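Undergrad: The structure that follows is given in the form of structure tokens.
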Amino acid sequence: MRSDLRRLSAVSLVTALTALTLGAAVGPASAEDVPATPAGPVGIGRALTNDAQRGSFKVTAWTDAPEATVTTVSAKVRQGDTVLAEIPALEENAASKGTFALPAVATLKLTEDGGTIPSLGKYAIDVTATDSLGNTVTRADAGTLDFTLKPRLNAFGIGDPSWADPFLHPKGALVGVQPGSGDEVPLSGRTVSYDYTGTDTTFGSAVTGETGEFTGEPVPVETRYASTQARFTEDSAEVHGTATYYAYTSGQEKQATVTASADKVRAASGELVTVSGRVTDPNAAGAPMADVPVSARLGGGLSKTVRTDAEGRFSVQLVAAPGRDPWGSVASGWSVQSESRFLTFYANGPLALPADSVTTVVGYKLATDARLTVYGELRAPYETWMSTSSSQTVVLEQSPDGQTGWKQIASTSFYNNNVRTPFTIGAWNKGGWFRVRHLANDYFGESAGKPFYIVRTDSRVTGLKASPDPVAKGSAITVTGSLQHYTSGAWRGLGYQPVSVWFKPWGKTGTWKQVATGKSSSTGAVSVKTTAGVDGWYQIRYYGDGTHFQTFSGQDWVDVR
């Protein structure tokens, strides 16, 4: 089995260089270069190398022929005009119909591993597909087999700095994973770089030896936790890809003692809070520790770092801000902790920090039946997420002028478990100035939405009369009345409005039922005909419009004989 690149013969080296040239020739084509599939129902997609096992590849195939399915997909791997491997049948993926890949037993390998591929490199893939109706198509250069070593970093480590040795010691090994066999081949003479995770700062690099192992120069570290990654990238005839490996430092901090306190137990947003204390060494009879970095924080806000003086004392001023701590709970309390990688201490205490809130009116409507419904939203403006539910109360208030004399007319409570929580609140009301207000609690401060004004016009039906009375069964009767609305300080006729006549028969089982419809005249007069069937009551109903309340008339009895 192949285990060392140094054993490549001169012939193999020439072959590898030839493969590199071929790889450039058969590399992925642009959209304009993709060969057209011959006319017919069978189609073939791009053949893609399996990066986890570069001795295999997959390809999609389909047929547009009615009632037909793809029955056989075969492939050839070639170098120029020389066919290196023939795969008579690719297996269809059971979970992804239409995708075909090499059977596991047919994984391509180097000749020295018992396969047919002479050397590492990139090779052309031709694919042929046949459907159940006998339609066949072949796509030459359907893809490029990336038959190269996949780089892998093994056992990268940086040591564990301590008081006695405050340095990182990078070391590890670089290998290439061989296609087919999966053997690991040492990669020598390569440069591996390493940096702090999440940054673009490369703090060192090292060159691998004959066994692929590397050892870097010691690197001083001062951060509380060191998270690093080693990285290697190569694109050649033998090796293609990028390898990364993460390493972290852990404990070995020295234990110190801290005493601290805050000058407040509650702070509004923007208020200054002073946290002060002292750091001492319990292993040195409580001696003060000078020049120690101390990180102080209020709730889940930003931290501020100060250093202790010669007596181990510190004092820091912080601005109170609402929000959530890193675990999603309401921000509260103060804390101090070591900012040194090699020293540990922690202290905290109570401090109430109610979060800001914004209450917004999203929409409102005053229905024709005098039901006022307000749609609103309670929002936490300085939060991006939250996980702690809390009960919130919003009240609906009314004012005679929209500025003063606000009086509560309704309230609603709901659980808030998001930074934006919708709510609905309502009351029976004829209209005026309104607002919604969130009541302050331990989680959120008070906030009120902008006042809004909404009214409707009152309406009524007068002079109801159903005649004649009495009346013979099956005869016509006329229901009359006057539809009016209150406008300009007086009741006036409301014209051209749809009205309906409702009837309730005499007896215990009698229920109201619409029996006729009509419209008021220009003066508001209503006259609607219907047919008398049994004794009962008649009523005129007006269900309002965009500006008027609904109204129902009284009831008039008709005796049917």
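Labels used: A, B, ... for chains in the order of the structure tokens, numbers from 1 for residues in each chain, and numbers from 1 for ligands as shown.
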Give me the residues near Thr199 in chain A as a ChimeraX atom specification, where near means some atom within 12 Å (using only C-alpha atoms) and where sequence neighbours in that chain fewer than 6 positions away do not count.
TA: /A:226-229
Undergrad: Write out, as a short mmCIF file (atom, residue, chain, number, x, y, z; two decimals), in the first residue's frame, the residues just selected, with N, CA and C atoms.
TA:
```cif
data_model
loop_
_atom_site.label_atom_id
_atom_site.label_comp_id
_atom_site.auth_asym_id
_atom_site.auth_seq_id
_atom_site.Cartn_x
_atom_site.Cartn_y
_atom_site.Cartn_z
N ALA A 226 -7.48 30.82 24.91
CA ALA A 226 -6.87 30.83 23.58
C ALA A 226 -7.52 29.76 22.72
N SER A 227 -8.15 30.18 21.64
CA SER A 227 -8.74 29.25 20.67
C SER A 227 -8.03 29.48 19.35
N THR A 228 -7.39 28.45 18.84
CA THR A 228 -6.57 28.60 17.64
C THR A 228 -6.96 27.56 16.60
N GLN A 229 -6.47 27.81 15.39
CA GLN A 229 -6.65 26.83 14.33
C GLN A 229 -5.40 26.78 13.46
#
```
Undergrad: What's around Glu397 in chain A at 6 Å? Count only C-alpha atoms, leave out sequence neighbours fewer than 4 positions away in its own chain, and write the answer as a ChimeraX atom specification.
TA: /A:406-409,434-435
Undergrad: Using backbone DSSP assignments, extract all strand (DSSP E or B) residues from range 457-502 of chain A; output them as number ranges by chain.
TA: A: 457, 459-467, 471, 476-487, 490-493, 498-502
Undergrad: Please produce a file of the residues just selected, as a compact mmCIF listing (two decimals), in the first residue's frame, where the atoms kept are N, CA and C atoms.
TA:
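result-v3.txt was written with the following content:
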```txt
# COMPACT_ATOMS: atom_id res chain seq x y z
N THR A 457 -70.91 57.83 13.66
CA THR A 457 -72.13 58.62 13.82
C THR A 457 -73.26 57.73 14.30
N SER A 459 -77.04 56.34 14.80
CA SER A 459 -78.19 56.22 13.90
C SER A 459 -79.37 55.63 14.68
N ARG A 460 -80.57 55.78 14.12
CA ARG A 460 -81.76 55.20 14.76
C ARG A 460 -82.84 55.00 13.73
N VAL A 461 -83.81 54.12 14.05
CA VAL A 461 -85.00 53.91 13.23
C VAL A 461 -86.21 54.28 14.08
N THR A 462 -86.99 55.22 13.60
CA THR A 462 -88.20 55.66 14.32
C THR A 462 -89.43 55.36 13.49
N GLY A 463 -90.57 55.45 14.16
CA GLY A 463 -91.86 55.33 13.46
C GLY A 463 -92.12 53.98 12.85
N LEU A 464 -91.66 52.90 13.49
CA LEU A 464 -91.88 51.56 12.93
C LEU A 464 -93.37 51.25 12.86
N LYS A 465 -93.82 50.74 11.73
CA LYS A 465 -95.21 50.34 11.55
C LYS A 465 -95.28 49.23 10.53
N ALA A 466 -95.97 48.11 10.90
CA ALA A 466 -96.24 47.00 9.98
C ALA A 466 -97.75 46.96 9.76
N SER A 467 -98.19 47.11 8.55
CA SER A 467 -99.63 47.19 8.27
C SER A 467 -99.93 46.49 6.94
N VAL A 471 -104.30 41.04 9.26
CA VAL A 471 -104.15 40.81 7.84
C VAL A 471 -104.43 39.34 7.56
N ALA A 476 -99.99 40.63 1.44
CA ALA A 476 -98.82 41.50 1.56
C ALA A 476 -99.00 42.47 2.71
N ILE A 477 -97.88 42.74 3.39
CA ILE A 477 -97.88 43.78 4.40
C ILE A 477 -96.71 44.71 4.10
N THR A 478 -96.78 45.91 4.57
CA THR A 478 -95.73 46.91 4.35
C THR A 478 -95.17 47.34 5.70
N VAL A 479 -93.84 47.25 5.81
CA VAL A 479 -93.15 47.67 7.03
C VAL A 479 -92.49 49.02 6.74
N THR A 480 -92.87 50.05 7.52
CA THR A 480 -92.37 51.40 7.28
C THR A 480 -91.68 51.94 8.52
N GLY A 481 -90.87 52.96 8.31
CA GLY A 481 -90.17 53.63 9.40
C GLY A 481 -89.31 54.73 8.84
N SER A 482 -88.47 55.32 9.67
CA SER A 482 -87.59 56.40 9.25
C SER A 482 -86.18 56.13 9.79
N LEU A 483 -85.19 56.04 8.87
CA LEU A 483 -83.80 55.85 9.26
C LEU A 483 -83.16 57.23 9.40
N GLN A 484 -82.57 57.49 10.55
CA GLN A 484 -81.99 58.80 10.83
C GLN A 484 -80.58 58.66 11.40
N HIS A 485 -79.79 59.74 11.27
CA HIS A 485 -78.49 59.81 11.94
C HIS A 485 -78.33 61.18 12.58
N TYR A 486 -77.48 61.21 13.61
CA TYR A 486 -77.32 62.44 14.38
C TYR A 486 -76.13 63.20 13.80
N THR A 487 -76.41 64.31 13.15
CA THR A 487 -75.38 65.10 12.50
C THR A 487 -75.70 66.57 12.61
N ALA A 490 -78.34 67.55 15.26
CA ALA A 490 -79.76 67.18 15.17
C ALA A 490 -79.90 65.84 14.48
N TRP A 491 -81.06 65.18 14.70
CA TRP A 491 -81.38 63.95 14.00
C TRP A 491 -81.93 64.28 12.62
N ARG A 492 -81.29 63.71 11.59
CA ARG A 492 -81.69 63.98 10.21
C ARG A 492 -81.81 62.67 9.46
N GLY A 493 -82.59 62.69 8.38
CA GLY A 493 -82.79 61.49 7.60
C GLY A 493 -81.50 60.99 6.98
N PRO A 498 -78.81 50.61 2.85
CA PRO A 498 -79.47 49.30 2.84
C PRO A 498 -80.08 48.99 4.22
N VAL A 499 -81.30 48.52 4.20
CA VAL A 499 -81.98 48.11 5.42
C VAL A 499 -82.57 46.72 5.19
N SER A 500 -82.96 46.06 6.26
CA SER A 500 -83.58 44.75 6.15
C SER A 500 -84.72 44.64 7.15
N VAL A 501 -85.70 43.81 6.81
CA VAL A 501 -86.85 43.55 7.68
C VAL A 501 -86.71 42.15 8.25
N TRP A 502 -86.84 42.06 9.59
CA TRP A 502 -86.73 40.79 10.28
C TRP A 502 -88.05 40.44 10.94
```
Undergrad: Please provide as a ChimeraX atom specification all residues within 9 Å of range 301-305 of chain A, with the sequence filter that same-chain residues fewer than 3 positions apart are discarded (counting only C-alpha atoms).
TA: /A:293-298,316-325,331,339
Undergrad: Go ahead and compute the interatomic distance for CA of Arg307 in chain A and CA of Ile158 in chain A, in Å to one decimal.
TA: 28.2 Å
Undergrad: Find the residues of range 438-465 of chain A that sit at most 10 Å from range 367-372 of chain A; for each, write down the nearest two atoms and how far apart they are in Å, to one decimal. Count only C-alpha atoms. Sort by chain, then by number going up, and give it as CSV.
TA:
```
residue,atom,partner,partner_atom,distance
A:Ile454,CA,A:Leu372,CA,9.2
A:Val455,CA,A:Ala370,CA,9.4
A:Arg456,CA,A:Thr368,CA,7.9
A:Thr457,CA,A:Thr368,CA,9.4
A:Asp458,CA,A:Thr368,CA,9.4
```
Undergrad: What would the file look like if the residues just selected were written as a PDB file, in the first residue's frame with N, CA and C atoms?
TA:
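File produced: again_0.pdb:
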```pdb
ATOM      1  N   ILE A 454     -60.961  58.168  17.047  1.00  0.00           N
ATOM      2  CA  ILE A 454     -61.863  57.442  16.156  1.00  0.00           C
ATOM      3  C   ILE A 454     -63.285  57.569  16.669  1.00  0.00           C
ATOM      4  N   VAL A 455     -64.242  57.872  15.777  1.00  0.00           N
ATOM      5  CA  VAL A 455     -65.666  57.979  16.144  1.00  0.00           C
ATOM      6  C   VAL A 455     -66.512  57.434  15.002  1.00  0.00           C
ATOM      7  N   ARG A 456     -67.773  57.175  15.313  1.00  0.00           N
ATOM      8  CA  ARG A 456     -68.805  56.872  14.329  1.00  0.00           C
ATOM      9  C   ARG A 456     -70.033  57.741  14.621  1.00  0.00           C
ATOM     10  N   THR A 457     -70.911  57.833  13.662  1.00  0.00           N
ATOM     11  CA  THR A 457     -72.133  58.623  13.817  1.00  0.00           C
ATOM     12  C   THR A 457     -73.263  57.729  14.304  1.00  0.00           C
ATOM     13  N   ASP A 458     -74.003  58.204  15.329  1.00  0.00           N
ATOM     14  CA  ASP A 458     -75.151  57.460  15.829  1.00  0.00           C
ATOM     15  C   ASP A 458     -76.262  57.423  14.788  1.00  0.00           C
TER      16      ASP A 458
END
```
Undergrad: So which residues touch Asn348 in chain A within 12 Å, counting only C-alpha atoms, skipping near sequence neighbours fewer than 5 positions away, as a PyMOL selection string?
TA: chain A and resi 258-262+275-277+295-299+332-337
Undergrad: What does the file look like for those residues with C-alpha atoms, as a compact mmCIF listing (two decimals), in the first residue's frame?
TA:
```txt
# COMPACT_ATOMS: atom_id res chain seq x y z
CA VAL A 258 -11.99 39.33 45.46
CA THR A 259 -14.37 41.39 47.61
CA ALA A 260 -16.59 43.95 45.89
CA SER A 261 -19.82 45.96 46.19
CA ALA A 262 -21.97 48.38 44.16
CA VAL A 275 -18.45 48.97 41.61
CA SER A 276 -15.36 48.85 43.85
CA GLY A 277 -13.37 46.18 45.68
CA SER A 295 -13.52 42.99 34.31
CA ALA A 296 -16.74 44.54 35.68
CA ARG A 297 -20.22 44.28 34.16
CA LEU A 298 -23.81 45.32 34.86
CA GLY A 299 -26.36 42.69 33.89
CA SER A 332 -29.86 42.31 36.50
CA GLY A 333 -27.06 42.37 39.02
CA TRP A 334 -23.41 43.36 38.83
CA SER A 335 -20.33 41.13 38.58
CA VAL A 336 -16.54 41.33 38.60
CA GLN A 337 -14.12 38.70 37.40
```
Undergrad: Work out how far apart CA of Val362 in chain A and CA of Pro381 in chain A are and give it in Å to one decimal.
TA: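 Atom-to-atom, CA of Val362 in chain A and CA of Pro381 in chain A are spaced 15.9 Å apart.
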